[in-house]
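**Student:** Structure provided below as structure tokens; questions to follow.
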Amino acid sequence: MADDRPIHAAPVPDEAPSPAERKAGLAGPCALVLFGATGDLTKRLVAPALYNLSRTGALPKHFALIGVARGEGTAESWRDELHDAVKAYVEASGDESLDEAVWKPIADGMSYVQGDALDTAAKTRGTGGNAIFYLAVADRLFGAVVEQLGKAKLTDQEEDSDGKRRIWRRVVIEKPFGHSLASARALNAKVGRALGEDQIFRIDHFLGKETVQSIMALRFANGLFEPIWNRDRIDHVQITVAETVGVEQRGAFYEATGALRDMVPNHALTLISMVAMDPPPSFDPTAVRDKKAEVFVAMPAVRPDQAVRGQYGPGSVLGKPARAYRREPNVAADSNVETYVALRFEVDNWRWAGVPFYVRTGKHMSRRSTEIAIRFKQAPYAAFQDTPVEALGPNWLVLRIAPDEGVSLQFEVKRPGQVMELAAVKMDFHYDDWFAKAPNVGYETLIHDVMIGDQTLFMRADMVEQGWRIVQPVLDAWAAEKADFPNYKSGDDGPDASDALLAGDGGRSWRPVTEPPQPQARAEGARS
């Protein structure tokens, strides 16, 4: 793929999406060029996502998949590898077997060659020269790969005489996008010399989850929520990303990264921006990203005393013995790397001034759970002073992102009986109860959005740099001092200092990661 000649492929007007099809989100002809084609990310996520897109009819009819990797290989061997990987995914998902008719359009368009791969795809698969370069490689290679693509003129786009885009080129870059504010700025500058911002898709698989995408729908499509979505009614917001897994075989990666870099500047801050953003004038990608960017700009950098770090020691997770982080493969015996982090964020604008946003994320915790929990301010107690009511329970709106996608609202009601006694109850919405469950690895929507050029769910250069700015003081402080690790057991929900972070901030407390069982709504004998 080192040819300097631009691609001049005949367009495929009969297969190009019509205006109505573009509005419906139908993708036009294109090739997907995978750097790191034989890697774990390709086999575990990208290939199954393409299979799911093919299964739902969302994959372009004129599509080519081109593999690029350092090792030796052929189209046949690579095709067999991905076939086996997708087959294992399908079987693990509960289906009986891989649907060969669904896989065939992908397999037929696969190639693993050097030279004019895009030109060949344009001629044999009718891709029209349109291409997505997907960088499923080590983050240290991002800048170099994009630079070489630019030098080879493979990122050049073509327009007709009337200014309409005839051939487009887009690049997908996995996280982490930088390791600090300085490195993120340098990478943005390097990538920006070869690409326009409209060609860059910084991918975050968190944003492919249905509940994350539904945050804006929940807020802006319902007159119920937006009038109370502010500092007058909301006490604080908690975001939890709890994992039961440890670092597994990713010790070398984690030693250079840690929980803060891995999860907060991208995943957590993006979730905060979606909760805290003002309503956009439209759902145009630029309008939505502008409103998200305003949240980042309004967030002060986190002070080190507003952050807690932890590292798991030995313990038990889901009933099974678990070893300490320092005993994991490729981890230093005296590692100073955090596997847990909790932070307090602020958004200094008219809507959110004084409302803390708490984030915690960690590995080897008691339960897998990702949620956004919004705590509303307490109702006045005065009306209940002459009753047996001793306290009013909190009202919570909880957006469950994983594993049980849905939304719940907790509020107080009167318990049946002769006296005024309150009980906390929930209204609970589960996606699986209302909608057919479709196989999904979290990448389907994002890859499809790249194909149609929709950047709504992707980070912009300024947002990336603001994210690193917000956490940089904590990174600097932690790099300069040795931590007292390990400080929480595997299977626990973080170090004691994490609880103290909230307790010392107005007596607040974390929601339990593992919620206690809820009482039955009605007695068994009352059921019909």
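Please note that chains go A, B, ... in the order of the structure tokens, that every chain numbers its residues from 1, and that ligands are numbered from 1 in the order shown.
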Would you give me, as a tab-separated table, each residue of segment 217-313 of chain A having an atom within 10 Å of an atom of segment 438-455 of chain A, along with its shortest atom pair and that distance in Å to one decimal, using only C-alpha atoms and sorting by chain and residue number?
**Tutor:**
residue	atom	partner	partner_atom	distance
A:Asp284	CA	A:Asp454	CA	8.8
A:Pro285	CA	A:Gln455	CA	5.7
A:Thr286	CA	A:Gln455	CA	7.9
A:Val288	CA	A:Gln455	CA	9.5
A:Arg289	CA	A:Gln455	CA	8.4
**Student:** Give me the residues within 10 Å of Gly192 of chain A as a ChimeraX atom specification, counting only C-alpha atoms and dropping any in the same chain fewer than 4 places off.
**Tutor:** /A:143,146-147,186-188,196-197,199-200,461
**Student:** Go ahead and save the residues from that selection, with C-alpha atoms, as a PDB file, in the first residue's frame.
**Tutor:**
ATOM      1  CA  GLY A 143       1.079   8.987  14.592  1.00  0.00           C
ATOM      2  CA  VAL A 146      -1.204   8.260   9.816  1.00  0.00           C
ATOM      3  CA  GLU A 147       1.950  10.109   8.744  1.00  0.00           C
ATOM      4  CA  ALA A 186       1.605  16.303  19.958  1.00  0.00           C
ATOM      5  CA  LEU A 187      -0.455  13.431  18.527  1.00  0.00           C
ATOM      6  CA  ASN A 188      -3.268  15.780  17.489  1.00  0.00           C
ATOM      7  CA  GLY A 196      -8.796  17.117   8.336  1.00  0.00           C
ATOM      8  CA  GLU A 197     -10.751  16.899  11.589  1.00  0.00           C
ATOM      9  CA  GLN A 199     -11.677  12.582   8.609  1.00  0.00           C
ATOM     10  CA  ILE A 200     -10.651  11.596  12.156  1.00  0.00           C
ATOM     11  CA  ALA A 461      -9.309  17.195  19.064  1.00  0.00           C
TER      12      ALA A 461
END
**Student:** I'd like the interatomic distance between atom CA of Val464 of chain A and atom CA of Gly310 of chain A, to a tenth of an Å.
**Tutor:**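 Taking atom CA of Val464 of chain A and atom CA of Gly310 of chain A, their separation equals 25.0 Å.
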**Student:** With distances taken over only C-alpha atoms, which of A:Ala221, A:Met216, A:Ala379, A:Ala483 is nearest to Lys291 of chain A?
**Tutor:** A:Met216
**Student:** Per DSSP on the backbone, what are the alpha helix (DSSP H) residues of segment 74-252 of chain A, as number ranges by chain?
**Tutor:** A: 75-92, 100-108, 117-125, 142-151, 181-192, 210-220, 251-252
**Student:** For atom CA of Val191 of chain A and atom CA of Leu141 of chain A, determine how far apart the two atoms are, in Å to one decimal place.
**Tutor:** 11.4 Å
**Student:** Go through A:Phe345, A:Tyr254, A:Trp103, A:Tyr134 one by one, measure the shortest atom-to-atom distance of each to Arg170 of chain A using only C-alpha atoms, and give the residue with the smallest value.
**Tutor:**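 Counting only C-alpha atoms, the residue closest to Arg170 of chain A is A:Tyr134.
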**Student:** Hey, which of A:Arg166, A:Arg511, A:Arg261, A:Arg344 ends up closest to Pro304 of chain A? Count only C-alpha atoms.
**Tutor:**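 So, comparing all the options, the nearest one is A:Arg344.
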**Student:** Skipping near chain neighbours, those fewer than 4 positions away, what residues fall within 12 Å of Gln311 of chain A using only C-alpha atoms, listed as a ChimeraX atom specification?
**Tutor:** /A:246-247,254-255,258-260,323-327,334-342,361-365,483-496
**Student:** Neighbouring residues of Leu34 of chain A were defined as those with any atom within 9 Å, considering only C-alpha atoms; residues of the same chain fewer than 6 positions away were excluded. Please report them as a PDB file with N, CA, C and O atoms, in the first residue's frame.
**Tutor:**
ATOM      1  N   THR A  42      -9.165  -7.034  16.571  1.00  0.00           N
ATOM      2  CA  THR A  42      -9.844  -7.387  15.322  1.00  0.00           C
ATOM      3  C   THR A  42     -10.686  -8.643  15.499  1.00  0.00           C
ATOM      4  O   THR A  42     -11.861  -8.688  15.107  1.00  0.00           O
ATOM      5  N   LEU A  65     -12.845  -5.767   2.767  1.00  0.00           N
ATOM      6  CA  LEU A  65     -12.098  -5.783   4.026  1.00  0.00           C
ATOM      7  C   LEU A  65     -10.654  -6.141   3.697  1.00  0.00           C
ATOM      8  O   LEU A  65     -10.372  -7.231   3.184  1.00  0.00           O
ATOM      9  N   ILE A  66      -9.753  -5.224   3.989  1.00  0.00           N
ATOM     10  CA  ILE A  66      -8.349  -5.380   3.623  1.00  0.00           C
ATOM     11  C   ILE A  66      -7.511  -5.460   4.891  1.00  0.00           C
ATOM     12  O   ILE A  66      -7.569  -4.565   5.740  1.00  0.00           O
ATOM     13  N   GLY A  67      -6.743  -6.534   5.024  1.00  0.00           N
ATOM     14  CA  GLY A  67      -5.933  -6.729   6.213  1.00  0.00           C
ATOM     15  C   GLY A  67      -4.501  -6.283   6.032  1.00  0.00           C
ATOM     16  O   GLY A  67      -3.876  -6.561   5.010  1.00  0.00           O
ATOM     17  N   VAL A  68      -3.962  -5.589   7.043  1.00  0.00           N
ATOM     18  CA  VAL A  68      -2.566  -5.173   7.050  1.00  0.00           C
ATOM     19  C   VAL A  68      -1.978  -5.568   8.400  1.00  0.00           C
ATOM     20  O   VAL A  68      -2.517  -5.200   9.448  1.00  0.00           O
ATOM     21  N   ALA A  69      -0.920  -6.364   8.395  1.00  0.00           N
ATOM     22  CA  ALA A  69      -0.292  -6.794   9.645  1.00  0.00           C
ATOM     23  C   ALA A  69       1.198  -6.996   9.411  1.00  0.00           C
ATOM     24  O   ALA A  69       1.654  -7.125   8.268  1.00  0.00           O
ATOM     25  N   ILE A 132     -11.874   3.414   4.729  1.00  0.00           N
ATOM     26  CA  ILE A 132     -11.709   3.639   6.166  1.00  0.00           C
ATOM     27  C   ILE A 132     -10.426   2.928   6.578  1.00  0.00           C
ATOM     28  O   ILE A 132     -10.278   1.727   6.355  1.00  0.00           O
ATOM     29  N   PHE A 133      -9.501   3.654   7.178  1.00  0.00           N
ATOM     30  CA  PHE A 133      -8.281   3.059   7.717  1.00  0.00           C
ATOM     31  C   PHE A 133      -8.475   2.894   9.229  1.00  0.00           C
ATOM     32  O   PHE A 133      -8.592   3.882   9.950  1.00  0.00           O
ATOM     33  N   TYR A 134      -8.530   1.654   9.677  1.00  0.00           N
ATOM     34  CA  TYR A 134      -8.806   1.365  11.085  1.00  0.00           C
ATOM     35  C   TYR A 134      -7.499   0.985  11.766  1.00  0.00           C
ATOM     36  O   TYR A 134      -6.881  -0.024  11.433  1.00  0.00           O
ATOM     37  N   LEU A 135      -7.087   1.777  12.758  1.00  0.00           N
ATOM     38  CA  LEU A 135      -5.795   1.577  13.414  1.00  0.00           C
ATOM     39  C   LEU A 135      -5.968   0.738  14.684  1.00  0.00           C
ATOM     40  O   LEU A 135      -6.038   1.261  15.797  1.00  0.00           O
ATOM     41  N   ALA A 136      -6.047  -0.577  14.516  1.00  0.00           N
ATOM     42  CA  ALA A 136      -6.130  -1.501  15.658  1.00  0.00           C
ATOM     43  C   ALA A 136      -4.726  -1.951  16.024  1.00  0.00           C
ATOM     44  O   ALA A 136      -4.407  -3.141  16.042  1.00  0.00           O
TER      45      ALA A 136
END
**Student:** Give me the residues within 8 Å of segment 267-272 of chain A as a list of chain:residue names, counting only C-alpha atoms and dropping any in the same chain fewer than 5 places off.
**Tutor:**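 Surrounding residues, per the criterion: A:Asp204, A:Phe206, A:Val212, A:Ile239, A:Lys292, A:Phe296, A:Phe357, A:Val359, A:Gly467.
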**Student:** What does the file look like for those residues with N, CA, C and O atoms, as a CSV table (one decimal), in the first residue's frame?
**Tutor:**
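Saved to result.csv:
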chain,number,residue,atom,x,y,z
A,204,ASP,N,-14.5,5.2,20.9
A,204,ASP,CA,-14.6,4.8,22.3
A,204,ASP,C,-15.8,3.9,22.4
A,204,ASP,O,-17.0,4.3,22.2
A,206,PHE,N,-17.4,2.6,24.6
A,206,PHE,CA,-18.5,2.9,25.6
A,206,PHE,C,-19.6,3.6,24.9
A,206,PHE,O,-20.8,3.4,25.3
A,212,VAL,N,-26.0,4.5,26.7
A,212,VAL,CA,-25.3,5.7,26.6
A,212,VAL,C,-25.9,6.6,25.5
A,212,VAL,O,-26.1,7.8,25.7
A,239,ILE,N,-21.0,8.3,38.9
A,239,ILE,CA,-20.7,7.4,37.8
A,239,ILE,C,-19.8,6.3,38.2
A,239,ILE,O,-18.7,6.5,38.8
A,292,LYS,N,-21.1,19.3,24.0
A,292,LYS,CA,-20.2,18.5,24.9
A,292,LYS,C,-18.9,19.2,25.2
A,292,LYS,O,-18.5,19.2,26.3
A,296,PHE,N,-16.6,20.3,28.9
A,296,PHE,CA,-15.2,20.1,29.2
A,296,PHE,C,-14.5,21.5,29.5
A,296,PHE,O,-13.7,21.5,30.5
A,357,PHE,N,-19.7,15.9,40.6
A,357,PHE,CA,-19.8,14.7,39.8
A,357,PHE,C,-18.7,13.7,40.3
A,357,PHE,O,-17.6,14.0,40.2
A,359,VAL,N,-16.8,10.1,40.2
A,359,VAL,CA,-16.5,9.0,39.3
A,359,VAL,C,-15.7,8.0,40.0
A,359,VAL,O,-14.7,8.3,40.7
A,467,GLY,N,-9.9,16.9,28.1
A,467,GLY,CA,-9.9,15.8,29.0
A,467,GLY,C,-8.6,15.5,29.7
A,467,GLY,O,-8.6,15.3,30.9
**Student:** Compare A:Val264, A:Met427, A:Ala64, A:Val145 by their minimum atom-to-atom distance to Asp108 of chain A, counting only C-alpha atoms, and give me the closest one.
**Tutor:**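 Using only C-alpha atoms, the shortest distance to Asp108 of chain A belongs to A:Ala64.
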**Student:** For Asn266 of chain A, which residue among A:Glu226, A:Glu91, A:Glu465, A:Glu346 is the nearest when counting only C-alpha atoms?
**Tutor:** A:Glu465
